[in-house]
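Quick look at my_file_29.pdb (PDB, C-alpha atoms, pLDDT in the B column):
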ATOM      1  CA  MET A   1    -256.761  57.884 -78.313  1.00 45.00           C
ATOM      2  CA  ASN A   2    -255.598  54.303 -78.289  1.00 45.00           C
ATOM      3  CA  LYS A   3    -252.376  53.989 -76.258  1.00 51.00           C
ATOM      4  CA  LEU A   4    -250.731  51.896 -78.992  1.00 47.00           C
ATOM      5  CA  ALA A   5    -251.367  54.662 -81.514  1.00 54.00           C
ATOM      6  CA  LYS A   6    -248.956  56.877 -79.605  1.00 64.00           C
ATOM      7  CA  ARG A   7    -246.069  54.393 -79.782  1.00 82.00           C
ATOM      8  CA  PRO A   8    -244.024  55.902 -82.597  1.00 91.00           C
ATOM      9  CA  ILE A   9    -240.654  54.269 -81.880  1.00 93.00           C
ATOM     10  CA  PRO A  10    -241.207  51.110 -83.978  1.00 94.00           C
ATOM     11  CA  ARG A  11    -242.579  53.214 -86.856  1.00 93.00           C
ATOM     12  CA  ILE A  12    -239.562  55.540 -86.758  1.00 95.00           C
ATOM     13  CA  ILE A  13    -237.134  52.618 -86.803  1.00 96.00           C
ATOM     14  CA  ASP A  14    -239.004  50.856 -89.616  1.00 95.00           C
ATOM     15  CA  ALA A  15    -239.269  54.014 -91.737  1.00 95.00           C
ATOM     16  CA  VAL A  16    -235.571  54.860 -91.410  1.00 96.00           C
ATOM     17  CA  ALA A  17    -234.517  51.265 -92.092  1.00 97.00           C
ATOM     18  CA  GLU A  18    -236.779  51.071 -95.140  1.00 95.00           C
ATOM     19  CA  GLY A  19    -235.478  54.389 -96.464  1.00 94.00           C
ATOM     20  CA  GLU A  20    -231.916  53.137 -96.133  1.00 96.00           C
ATOM     21  CA  ASP A  21    -232.748  49.621 -97.362  1.00 97.00           C
ATOM     22  CA  VAL A  22    -231.298  47.967 -94.253  1.00 97.00           C
ATOM     23  CA  GLU A  23    -232.680  45.770 -91.509  1.00 97.00           C
ATOM     24  CA  PRO A  24    -233.937  47.703 -88.469  1.00 96.00           C
ATOM     25  CA  LEU A  25    -231.409  45.985 -86.204  1.00 96.00           C
ATOM     26  CA  ALA A  26    -228.593  47.231 -88.456  1.00 96.00           C
ATOM     27  CA  LEU A  27    -229.271  50.901 -87.603  1.00 97.00           C
ATOM     28  CA  ASP A  28    -226.285  52.359 -85.785  1.00 96.00           C
ATOM     29  CA  PRO A  29    -226.454  54.195 -83.506  1.00 96.00           C
ATOM     30  CA  PRO A  30    -229.637  52.702 -82.112  1.00 96.00           C
ATOM     31  CA  LEU A  31    -232.487  55.209 -81.921  1.00 96.00           C
ATOM     32  CA  ALA A  32    -232.436  54.985 -78.113  1.00 95.00           C
ATOM     33  CA  GLU A  33    -228.972  56.604 -78.154  1.00 96.00           C
ATOM     34  CA  VAL A  34    -230.373  59.637 -79.993  1.00 95.00           C
ATOM     35  CA  VAL A  35    -233.760  60.141 -78.331  1.00 95.00           C
ATOM     36  CA  ASP A  36    -235.175  58.716 -75.118  1.00 95.00           C
ATOM     37  CA  PRO A  37    -238.055  56.451 -76.262  1.00 92.00           C
ATOM     38  CA  ASP A  38    -239.800  56.571 -72.876  1.00 92.00           C
ATOM     39  CA  ALA A  39    -239.631  60.371 -72.746  1.00 92.00           C
ATOM     40  CA  LEU A  40    -240.954  60.671 -76.304  1.00 91.00           C
ATOM     41  CA  GLU A  41    -243.914  58.421 -75.558  1.00 88.00           C
ATOM     42  CA  ALA A  42    -244.569  60.178 -72.228  1.00 88.00           C
ATOM     43  CA  LEU A  43    -244.699  63.549 -73.995  1.00 87.00           C
ATOM     44  CA  LEU A  44    -247.229  62.207 -76.480  1.00 85.00           C
ATOM     45  CA  GLU A  45    -249.373  60.519 -73.845  1.00 84.00           C
ATOM     46  CA  GLY A  46    -249.349  63.561 -71.595  1.00 80.00           C
ATOM     47  CA  THR A  47    -250.316  66.127 -74.221  1.00 77.00           C
ATOM     48  CA  THR A  48    -253.681  67.819 -74.189  1.00 74.00           C
ATOM     49  CA  THR A  49    -253.011  69.960 -77.246  1.00 74.00           C
ATOM     50  CA  SER A  50    -253.702  69.079 -80.836  1.00 78.00           C
ATOM     51  CA  GLU A  51    -250.702  71.027 -82.085  1.00 86.00           C
ATOM     52  CA  LEU A  52    -247.742  69.179 -80.580  1.00 89.00           C
ATOM     53  CA  GLU A  53    -244.867  68.250 -82.880  1.00 92.00           C
ATOM     54  CA  ILE A  54    -241.621  66.686 -81.776  1.00 93.00           C
ATOM     55  CA  ARG A  55    -238.755  67.048 -84.250  1.00 96.00           C
ATOM     56  CA  PHE A  56    -235.291  65.564 -84.239  1.00 96.00           C
ATOM     57  CA  THR A  57    -232.640  64.257 -86.618  1.00 96.00           C
ATOM     58  CA  TYR A  58    -231.691  60.600 -86.771  1.00 97.00           C
ATOM     59  CA  ARG A  59    -229.049  59.262 -89.158  1.00 97.00           C
ATOM     60  CA  GLY A  60    -229.446  62.344 -91.353  1.00 96.00           C
ATOM     61  CA  HIS A  61    -233.237  62.017 -91.542  1.00 97.00           C
ATOM     62  CA  ASP A  62    -235.623  64.669 -90.250  1.00 97.00           C
ATOM     63  CA  VAL A  63    -238.147  62.927 -87.991  1.00 97.00           C
ATOM     64  CA  VAL A  64    -241.438  64.562 -87.005  1.00 96.00           C
ATOM     65  CA  VAL A  65    -243.890  62.985 -84.570  1.00 93.00           C
ATOM     66  CA  ASP A  66    -247.230  64.691 -83.939  1.00 91.00           C
ATOM     67  CA  GLU A  67    -249.633  64.487 -81.005  1.00 87.00           C
ATOM     68  CA  SER A  68    -251.438  61.483 -82.486  1.00 85.00           C
ATOM     69  CA  GLY A  69    -248.180  59.523 -82.770  1.00 85.00           C
ATOM     70  CA  ARG A  70    -248.054  59.911 -86.565  1.00 90.00           C
ATOM     71  CA  VAL A  71    -244.495  59.704 -87.844  1.00 94.00           C
ATOM     72  CA  GLN A  72    -242.918  61.450 -90.816  1.00 95.00           C
ATOM     73  CA  VAL A  73    -239.341  60.635 -91.819  1.00 95.00           C
ATOM     74  CA  ARG A  74    -237.686  62.683 -94.563  1.00 93.00           C
TER      75      ARG A  74
END
As structure tokens, what does this structure read like?
Amino acid sequence: MNKLAKRPIPRIIDAVAEGEDVEPLALDPPLAEVVDPDALEALLEGTTTSELEIRFTYRGHDVVVDESGRVQVR
């Protein structure tokens, strides 16, 4: 797996901003105040399972990140 493929933070920020029709820098609180970006990426990089899902809520959106780094924001 390409290391960049497991970098979900920019995709989460972009998806939430797009869903709210705001600029990514306008998101408050910043994502880093809700989830530790380094810890999230370390979990994804360190996984050996194909069934990992990380779930959390950000600005009222349910965010799901799977082992490949794929992001779903609802």
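Straight-line separation from CA of Ser50 in chain A to CA of Ala17 in chain A: 28.5 Å.
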**Message:** So the first atom is CA of Ala42 in chain A and the second is CA of Val64 in chain A; what is the distance between them in Å, to one decimal place?
**Reply:** 15.7 Å
**Message:** Using only C-alpha atoms, can you tell me which of A:Leu52, A:Tyr58, A:Thr47, A:Glu41 comes closest to Asp28 in chain A?
**Reply:** A:Tyr58
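With all atoms listed in the file as the atoms that count, the minimum distance from Ala15 in chain A to the choices A:Val35, A:Ile54, A:Leu44, A:Val73 is reached by A:Val73.
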**Item:** Shell of 12 Å around Phe56 in chain A, all atoms listed in the file, local chain residues under 5 positions omitted, as a VMD selection string
**Value:** chain A and resid 12 31 34 to 36 40 61 to 66 71 to 74
Mind writing the picked residues with C-alpha atoms as a PDB file, keeping the file's coordinate frame?
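Just written: again_10.pdb:
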ATOM      1  CA  ILE A  12    -239.562  55.540 -86.758  1.00 95.00           C
ATOM      2  CA  LEU A  31    -232.487  55.209 -81.921  1.00 96.00           C
ATOM      3  CA  VAL A  34    -230.373  59.637 -79.993  1.00 95.00           C
ATOM      4  CA  VAL A  35    -233.760  60.141 -78.331  1.00 95.00           C
ATOM      5  CA  ASP A  36    -235.175  58.716 -75.118  1.00 95.00           C
ATOM      6  CA  LEU A  40    -240.954  60.671 -76.304  1.00 91.00           C
ATOM      7  CA  HIS A  61    -233.237  62.017 -91.542  1.00 97.00           C
ATOM      8  CA  ASP A  62    -235.623  64.669 -90.250  1.00 97.00           C
ATOM      9  CA  VAL A  63    -238.147  62.927 -87.991  1.00 97.00           C
ATOM     10  CA  VAL A  64    -241.438  64.562 -87.005  1.00 96.00           C
ATOM     11  CA  VAL A  65    -243.890  62.985 -84.570  1.00 93.00           C
ATOM     12  CA  ASP A  66    -247.230  64.691 -83.939  1.00 91.00           C
ATOM     13  CA  VAL A  71    -244.495  59.704 -87.844  1.00 94.00           C
ATOM     14  CA  GLN A  72    -242.918  61.450 -90.816  1.00 95.00           C
ATOM     15  CA  VAL A  73    -239.341  60.635 -91.819  1.00 95.00           C
ATOM     16  CA  ARG A  74    -237.686  62.683 -94.563  1.00 93.00           C
TER      17      ARG A  74
END
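A straight line drawn from CA of Gly69 in chain A to CA of Pro8 in chain A is 5.5 Å long.
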I'd like the neighbourhood of Glu51 in chain A as a short mmCIF file (atom, residue, chain, number, x, y, z; two decimals) with C-alpha atoms, keeping the file's coordinate frame, where a residue qualifies if any of its atoms comes within 7 Å (using only C-alpha atoms), though same-chain residues fewer than 2 positions away should be ignored.
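To be explicit, this is the file written out as around36.cif:
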data_model
loop_
_atom_site.label_atom_id
_atom_site.label_comp_id
_atom_site.auth_asym_id
_atom_site.auth_seq_id
_atom_site.Cartn_x
_atom_site.Cartn_y
_atom_site.Cartn_z
CA THR A 49 -253.01 69.96 -77.25
CA GLU A 53 -244.87 68.25 -82.88
CA GLU A 67 -249.63 64.49 -81.00
#
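With all atoms listed in the file as the atoms that count, the residue of A:Ala32, A:Arg59, A:Glu45, A:Ala39 with the shortest distance to Pro10 in chain A is A:Ala32.
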For range 5-29 of chain A, where the input has fewer atoms than it should, I would like N, CA, C and O atoms rebuilt and written as a compact mmCIF listing (two decimals), keeping the file's coordinate frame.
# COMPACT_ATOMS: atom_id res chain seq x y z
N ALA A 5 -251.50 53.70 -80.42
CA ALA A 5 -251.37 54.66 -81.51
C ALA A 5 -250.28 55.69 -81.22
O ALA A 5 -249.74 56.29 -82.13
N LYS A 6 -249.97 55.90 -79.97
CA LYS A 6 -248.96 56.88 -79.60
C LYS A 6 -247.60 56.23 -79.34
O LYS A 6 -246.79 56.77 -78.62
N ARG A 7 -247.36 55.08 -79.93
CA ARG A 7 -246.07 54.39 -79.78
C ARG A 7 -245.31 54.52 -81.09
O ARG A 7 -245.32 53.60 -81.91
N PRO A 8 -244.65 55.64 -81.30
CA PRO A 8 -244.02 55.90 -82.60
C PRO A 8 -242.67 55.24 -82.81
O PRO A 8 -242.20 55.17 -83.95
N ILE A 9 -242.03 54.77 -81.76
CA ILE A 9 -240.65 54.27 -81.88
C ILE A 9 -240.52 53.18 -82.95
O ILE A 9 -239.66 53.28 -83.82
N PRO A 10 -241.35 52.13 -82.93
CA PRO A 10 -241.21 51.11 -83.98
C PRO A 10 -241.42 51.67 -85.38
O PRO A 10 -240.73 51.26 -86.33
N ARG A 11 -242.33 52.63 -85.53
CA ARG A 11 -242.58 53.21 -86.86
C ARG A 11 -241.39 54.05 -87.32
O ARG A 11 -241.05 54.06 -88.50
N ILE A 12 -240.75 54.76 -86.40
CA ILE A 12 -239.56 55.54 -86.76
C ILE A 12 -238.46 54.60 -87.23
O ILE A 12 -237.85 54.81 -88.28
N ILE A 13 -238.20 53.57 -86.46
CA ILE A 13 -237.13 52.62 -86.80
C ILE A 13 -237.42 51.97 -88.15
O ILE A 13 -236.54 51.88 -89.01
N ASP A 14 -238.65 51.51 -88.35
CA ASP A 14 -239.00 50.86 -89.62
C ASP A 14 -238.88 51.80 -90.80
O ASP A 14 -238.38 51.42 -91.86
N ALA A 15 -239.32 53.05 -90.64
CA ALA A 15 -239.27 54.01 -91.74
C ALA A 15 -237.83 54.35 -92.12
O ALA A 15 -237.49 54.42 -93.30
N VAL A 16 -236.98 54.55 -91.12
CA VAL A 16 -235.57 54.86 -91.41
C VAL A 16 -234.90 53.66 -92.06
O VAL A 16 -234.18 53.79 -93.06
N ALA A 17 -235.12 52.48 -91.52
CA ALA A 17 -234.52 51.26 -92.09
C ALA A 17 -234.98 51.05 -93.53
O ALA A 17 -234.17 50.73 -94.41
N GLU A 18 -236.26 51.24 -93.78
CA GLU A 18 -236.78 51.07 -95.14
C GLU A 18 -236.17 52.10 -96.09
O GLU A 18 -235.78 51.77 -97.21
N GLY A 19 -236.07 53.35 -95.63
CA GLY A 19 -235.48 54.39 -96.46
C GLY A 19 -234.02 54.14 -96.79
O GLY A 19 -233.53 54.56 -97.83
N GLU A 20 -233.33 53.44 -95.92
CA GLU A 20 -231.92 53.14 -96.13
C GLU A 20 -231.71 51.73 -96.68
O GLU A 20 -230.57 51.32 -96.91
N ASP A 21 -232.79 50.99 -96.85
CA ASP A 21 -232.75 49.62 -97.36
C ASP A 21 -231.82 48.73 -96.52
O ASP A 21 -230.97 48.01 -97.04
N VAL A 22 -232.03 48.82 -95.19
CA VAL A 22 -231.30 47.97 -94.25
C VAL A 22 -232.29 47.36 -93.27
O VAL A 22 -233.42 47.82 -93.15
N GLU A 23 -231.85 46.36 -92.56
CA GLU A 23 -232.68 45.77 -91.51
C GLU A 23 -232.72 46.72 -90.32
O GLU A 23 -231.71 47.38 -90.01
N PRO A 24 -233.85 46.81 -89.62
CA PRO A 24 -233.94 47.70 -88.47
C PRO A 24 -232.84 47.48 -87.43
O PRO A 24 -232.33 48.46 -86.86
N LEU A 25 -232.45 46.25 -87.20
CA LEU A 25 -231.41 45.98 -86.20
C LEU A 25 -230.03 46.45 -86.65
O LEU A 25 -229.10 46.53 -85.84
N ALA A 26 -229.88 46.77 -87.94
CA ALA A 26 -228.59 47.23 -88.46
C ALA A 26 -228.38 48.73 -88.24
O ALA A 26 -227.28 49.23 -88.48
N LEU A 27 -229.41 49.46 -87.79
CA LEU A 27 -229.27 50.90 -87.60
C LEU A 27 -228.30 51.18 -86.46
O LEU A 27 -228.44 50.68 -85.36
N ASP A 28 -227.29 52.01 -86.77
CA ASP A 28 -226.28 52.36 -85.78
C ASP A 28 -226.00 53.85 -85.89
O ASP A 28 -225.69 54.31 -86.99
N PRO A 29 -226.14 54.62 -84.86
CA PRO A 29 -226.45 54.20 -83.51
C PRO A 29 -227.93 53.81 -83.38
O PRO A 29 -228.76 54.26 -84.16
